Structures are given as structure tokens and as C-alpha cells.
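One structure is given here, and the rest of the page talks about it.
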Amino acid sequence: MHDTLLLFGATGDLARRYLFPSLRHLLRDRLLPADIRVVAVGRTRHDDDGFREWLREALGTGEGSDARALDDLLQRTRYHAVDLSDGQAIARELGQYADRPSVSYLSIPPHLFADTSRGLYAAGLLAPPSRLVLEKPMGHDLESAREINAVLREALDESRIFRIDHYLGKAPVQNLMALRLGNTLLEAVWQHQWIESVDIIVAETGGVEGREDYYARYGALRDMVQNHMLQLLALIAMEPPAALDADTVRDEKRKVLRALRPMPPEQAALDSVRGRYGEGVVEGRAVPGFGHAGDVETFVAVRAWIDNWRWSGVPFRLVTGKRMASRMTEVVVTFRPVSHWLFERPSATRATPNRLRVRLQPEETIELGLMGSLAAPEWSATELRPMSLDLSLSTAPARRIAYERLLIDALKGDQTLFVRDDEIEAAWQWIDSICESWARAGLGTRPYAAGSWGPDDAAPFLPPTVSNHGERD
Ligand code: BG6
């Protein structure tokens, strides 16, 4: 493992909420190299002690092993205030850390990627085997993503670039792959002949307060669908990789992303809904609406089609929104009806299809919906009723922050859970087709009340487990 970590954006929100707490946990659990040193880089003026004080305040001292881990982290951390648009300043301040192989983690706005990577290159901090980790957003469209990739390529090759999608660091997301590839029962039916539709929903109760400017430029499609939701879709839909190494898995994900059907303008209103939350009540609290003047969506529902042999004709409904009724991330796979229905009750049209429902957060549950006569009166053994096979663990596993896993993998050099340049570009290509289609069709946003499940028009896109509107499509 590399044992020098340079953290750019060290006083930012992500570093305070996730990156430093992750480092603290990893130190507490002795998962980091014994000599690890952390070089925090930010814009705010601090000396080492001033930064350490700020960090202690930001993280909270804690007790026992947590308190000891914080002391350890602070002691290993040095701070540099550097203007990242000045490549020479980067080289001057940080060149001293090029004595050991390092990982530079850029949690900074993407317009600074180019200057920062040039500065790091000049400082010798990107010489092999050092690595670069980047936080999203990875561009705003295909063109800007390509520009970023080209700039990075000037400084180092793809095998040392680690693009974060923190959803890939979540253990329940990795379990999706384990479930579908580790079970004959699922392997046998994982294709269009047996699957009718797939729903992926990421509903959040939080709003966009404090990030209005970023959000007004991006909207829900670019903020959530381009990355997290398409990664979930790719893991569900990819061909089984021949091995679990980084490039084999990423090759398969890229093929799926490339097979996404671009959205023509005449389909925009049929295959998508954009929403924008107004005031309402979320979790018992009155909240204001999204106030920005532009027509940007805080909710999006898209019906995606994967034009390949396995998924021909199967809709993938992707739904995500801010300020929704409850927080949850869920995948629901709905199977086709059995080939011939023998039973009088319920009639074939009223039978509930088999469903695999995997809830990824906030709690982790797996449910398989089956039909059976167990619960029916015994004198009418042919009356079928829906039954649920519940695979939740009785004691929920304590999950690590996704960034803990990703930091370890970056220090080790394992790229499997990081996104490759061609995946990013394939995802943007499809997202661009939707933006263009919306613009040409003039598809604006529909209002929805905060605390609801989105605009009324979006009801047919919601997973059956949310809307309870039973059989559709
Ligand atoms: C981020 C988005 O990438 O993911 C946020 O920018 C969103 O808008 C967040 O809230 C959701 O992540 P999680 O882990 O809370 O589901």
C-alpha cells in the first residue's frame, strides 16, 4: 500500500463529513499502513496546529478508541494552504512529498482538475507508481468529460487514475453483484425472456439547500443518474464478467452503457418526467421549495432501454428525487407471468408477479415475492396468494462508510470499484441524448410537493413497491 495521502479540498464538506471520519475509522481499526502520512491541502489559511484544531472541532473528539484514533490522525496530518490554479505554487509547496509513492485525492471543483494535475506532475507527485483519485462531477456533458480525461492522460495513464463513484464503495451495492452472479436460480432467469421490468429508485428526503448553484447547473439527471444510477444499472445488466479483476468488470459495464438507447425527442414525454419540488412537509417538518430561477429538475424519472440480446424489450425505470416522502434506495426486478396459469383464484390477470426486491439503504433487506396456497383456506387449495420470502438479516451488519473501502482500494491500487474513462464517456453520451431530447421537445419540469413521491405524471414510473399500483406496462 502507498503510505502518503494528499487530500485536496481538505476544508471542504466532503472531507469533513466523510473523508476524515473514514481515515479516523481506518486508523482505529489498524487498516492503514503503519507509516501513513496525510497531507491536507486547502484554500483557507491555517498552520498545521490551526488546521488540527479546526479538524478536531469538525470531527468531535469522541471517546476511547475513537478519541485515540483522532489524536493519531491529527498527529499524522500536515496542512498546506495552496492556490490550486497556480501549478508552480503546488510544485513548490508539495514537491517535498514526492519522496514516497503517493495517492493524491482531488475533492475539488472540476475546473481546477487541469491546473492541479499539471502542478502535481511538475512536483513529481504523479510519477509512477503514484496515483490520482478524483471526485465527481466528472464533467457536465460528454465534451467536458472528454476534456478532463485528455488533461489527465497528459499527466498519467489510466491504470493510475481512480474516479470515485461512492455508490460502488457501498457494501449493499457490491451485494447486488454477489446475488445475481452467485445464484443459479437468478442466473437462469436473468434476461428478457423471464424478466418483465427493472426498477431502480434512489429517493432522498434532503433538499438542495447550500448547493443551489451547483445543482442549478446539474439537476437530478446529471447529479444522480449519470453516475450512481447508471452504475447500479450496469451492475444489474452487464454480462457476467469472466473474472473479477478491474478491467474485466469495467469492460462489461461499459458494454451495457454503450447499449443504452439514445432518447429521441418524440419519446421525451413518454419515457421521462422532470419534477421540481415546492414547499411541503418532509418527515414532519415544513420545508421551503427549491427557489432557483432556472428550469432545473430536482426529480427525474426515465425509462431506459438496453438494446442488446439479453435485455431487448425490458424497461429499466430509473427514478430519483430530492425531498421525497421517505429515503430509500431500492432495486425491484419484476418477473414475467408463468407460461400458463392453471388457477381460478386469483385469475391470471390478478396474480401478483414474482418480484425480487433489494433494498440497499437506509436498511438492507432482500425479499422474493412468490405465489402459493399456504395462506389460503385448506378446503380451497388452489387459491393462490402472494407470499414473501424475507431474507433480511436479523442483526443488521454495521456498515462502513463507502469511502473507507474506496480509500483502502486506492492506497492498494485496486481499480475494480472505480470508474474508467470510457464508462464515464458512454454514460455521458446517453445523458446528453436525454438533455438534447428534452430541449428539442421543450420538456419542462412539473411541480411536486416536498414530502410526496414526485409529480403526478411520474406515478407509472414508480416501483410497484412504492406506488402499489400493481400491474402495469
Ligand atoms: C451525491 C449527490 O453524489 O450523492 C448528492 O451529489 C446526493 O446530491 C448523494 O445527495 C447521495 O448519496 P447517498 O450515499 O446519501 O445515497
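Chain labels follow the order of the C-alpha cells: the first chain is A, the next B, and so on; residue numbering restarts at 1 in every chain, and ligands are counted from 1 in their shown order.
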Which of region 244-447 of chain A counts as strand (DSSP E or B) under DSSP, as a PyMOL selection string please? chain A and resi 260+272-282+285-287+299-306+315-321+324+328-335+345+355-361+365-372+383+385-390+419+446-447
Please, could you write that set of residues out with C-alpha atoms as an mmCIF file, in the first residue's frame?
```
data_model
loop_
_atom_site.group_PDB
_atom_site.id
_atom_site.type_symbol
_atom_site.label_atom_id
_atom_site.label_comp_id
_atom_site.auth_asym_id
_atom_site.auth_seq_id
_atom_site.Cartn_x
_atom_site.Cartn_y
_atom_site.Cartn_z
ATOM 1 C CA LEU A 260 -28.402 2.273 -23.844
ATOM 2 C CA SER A 272 -39.306 10.688 -18.917
ATOM 3 C CA VAL A 273 -40.725 13.096 -16.347
ATOM 4 C CA ARG A 274 -38.919 16.029 -14.780
ATOM 5 C CA GLY A 275 -40.050 17.447 -11.475
ATOM 6 C CA ARG A 276 -39.190 20.265 -9.143
ATOM 7 C CA TYR A 277 -40.186 20.374 -5.511
ATOM 8 C CA GLY A 278 -42.270 23.138 -3.998
ATOM 9 C CA GLU A 279 -42.839 23.691 -0.319
ATOM 10 C CA GLY A 280 -44.232 20.837 1.737
ATOM 11 C CA VAL A 281 -43.712 18.681 4.775
ATOM 12 C CA VAL A 282 -40.902 16.160 4.995
ATOM 13 C CA ARG A 285 -41.090 19.289 9.180
ATOM 14 C CA ALA A 286 -42.279 22.126 6.947
ATOM 15 C CA VAL A 287 -39.674 22.874 4.262
ATOM 16 C CA PHE A 299 -36.706 14.841 -9.596
ATOM 17 C CA VAL A 300 -36.332 12.728 -12.675
ATOM 18 C CA ALA A 301 -37.937 9.537 -13.920
ATOM 19 C CA VAL A 302 -36.591 7.895 -17.059
ATOM 20 C CA ARG A 303 -37.495 4.691 -18.831
ATOM 21 C CA ALA A 304 -34.234 3.313 -20.183
ATOM 22 C CA TRP A 305 -33.905 0.640 -22.851
ATOM 23 C CA ILE A 306 -30.845 -1.513 -23.299
ATOM 24 C CA PRO A 315 -37.835 -1.306 -19.462
ATOM 25 C CA PHE A 316 -35.425 -0.124 -16.751
ATOM 26 C CA ARG A 317 -37.251 2.588 -14.832
ATOM 27 C CA LEU A 318 -34.861 4.959 -13.090
ATOM 28 C CA VAL A 319 -36.335 7.354 -10.532
ATOM 29 C CA THR A 320 -34.549 9.758 -8.240
ATOM 30 C CA GLY A 321 -35.590 12.861 -6.391
ATOM 31 C CA MET A 324 -39.376 12.805 -1.345
ATOM 32 C CA MET A 328 -34.639 4.733 0.245
ATOM 33 C CA THR A 329 -32.609 3.136 -2.473
ATOM 34 C CA GLU A 330 -34.188 0.072 -3.956
ATOM 35 C CA VAL A 331 -33.933 -2.277 -6.914
ATOM 36 C CA VAL A 332 -37.031 -4.234 -7.907
ATOM 37 C CA VAL A 333 -36.889 -6.935 -10.550
ATOM 38 C CA THR A 334 -40.341 -7.970 -11.748
ATOM 39 C CA PHE A 335 -40.588 -11.342 -13.476
ATOM 40 C CA ARG A 345 -58.335 -17.794 -7.868
ATOM 41 C CA ARG A 355 -40.556 -9.998 -7.642
ATOM 42 C CA LEU A 356 -37.077 -9.665 -6.271
ATOM 43 C CA ARG A 357 -36.843 -6.562 -4.147
ATOM 44 C CA VAL A 358 -33.437 -5.500 -2.888
ATOM 45 C CA ARG A 359 -33.378 -2.518 -0.585
ATOM 46 C CA LEU A 360 -29.904 -1.029 -0.362
ATOM 47 C CA GLN A 361 -30.484 1.816 2.107
ATOM 48 C CA THR A 365 -33.390 -6.175 3.008
ATOM 49 C CA ILE A 366 -33.984 -8.739 0.293
ATOM 50 C CA GLU A 367 -37.454 -10.017 -0.455
ATOM 51 C CA LEU A 368 -38.633 -12.527 -3.004
ATOM 52 C CA GLY A 369 -42.337 -12.321 -3.819
ATOM 53 C CA LEU A 370 -43.849 -15.703 -4.713
ATOM 54 C CA MET A 371 -47.359 -17.082 -5.156
ATOM 55 C CA GLY A 372 -48.576 -20.032 -3.072
ATOM 56 C CA GLU A 383 -56.463 -20.385 -4.213
ATOM 57 C CA ARG A 385 -51.959 -15.725 -2.553
ATOM 58 C CA PRO A 386 -48.826 -13.623 -2.677
ATOM 59 C CA MET A 387 -46.196 -14.646 -0.115
ATOM 60 C CA SER A 388 -42.929 -13.034 0.658
ATOM 61 C CA LEU A 389 -39.646 -14.779 1.300
ATOM 62 C CA ASP A 390 -37.824 -12.357 3.528
ATOM 63 C CA VAL A 419 -14.956 4.186 -12.922
ATOM 64 C CA ARG A 446 -43.619 19.609 -13.222
ATOM 65 C CA PRO A 447 -44.181 20.749 -9.656
#
```
Site check for ligand 1: residues at most 10 Å away, only C-alpha atoms and all ligand atoms, as a PyMOL selection string: chain A and resi 14+135-137+164-167+169-170+202-208+211+214-215+218-220+222-225+227-228+298+320-322+327-329+360-362+401-403
For Leu106 (chain A), work out the shell of residues within 9 Å, counting only C-alpha atoms and skipping chain neighbours fewer than 4 positions away, then give it as JSON, numbers by chain. {"A": [6, 7, 8, 9, 110, 113, 116, 132, 133, 134, 135]}
List as an MDAnalysis selection string the protein and nucleic acid residues near region 50-58 of chain A, meaning an atom at most 8 Å away when only C-alpha atoms are counted, but skip any in the same chain fewer than 2 places from it. chainID A and resid 16 46:48 60:61 70 74 77 79
If you count only C-alpha atoms, the residue of A:Ala188, A:Leu406, A:Leu417, A:Val41 closest to Val249 (chain A) turns out to be A:Leu417
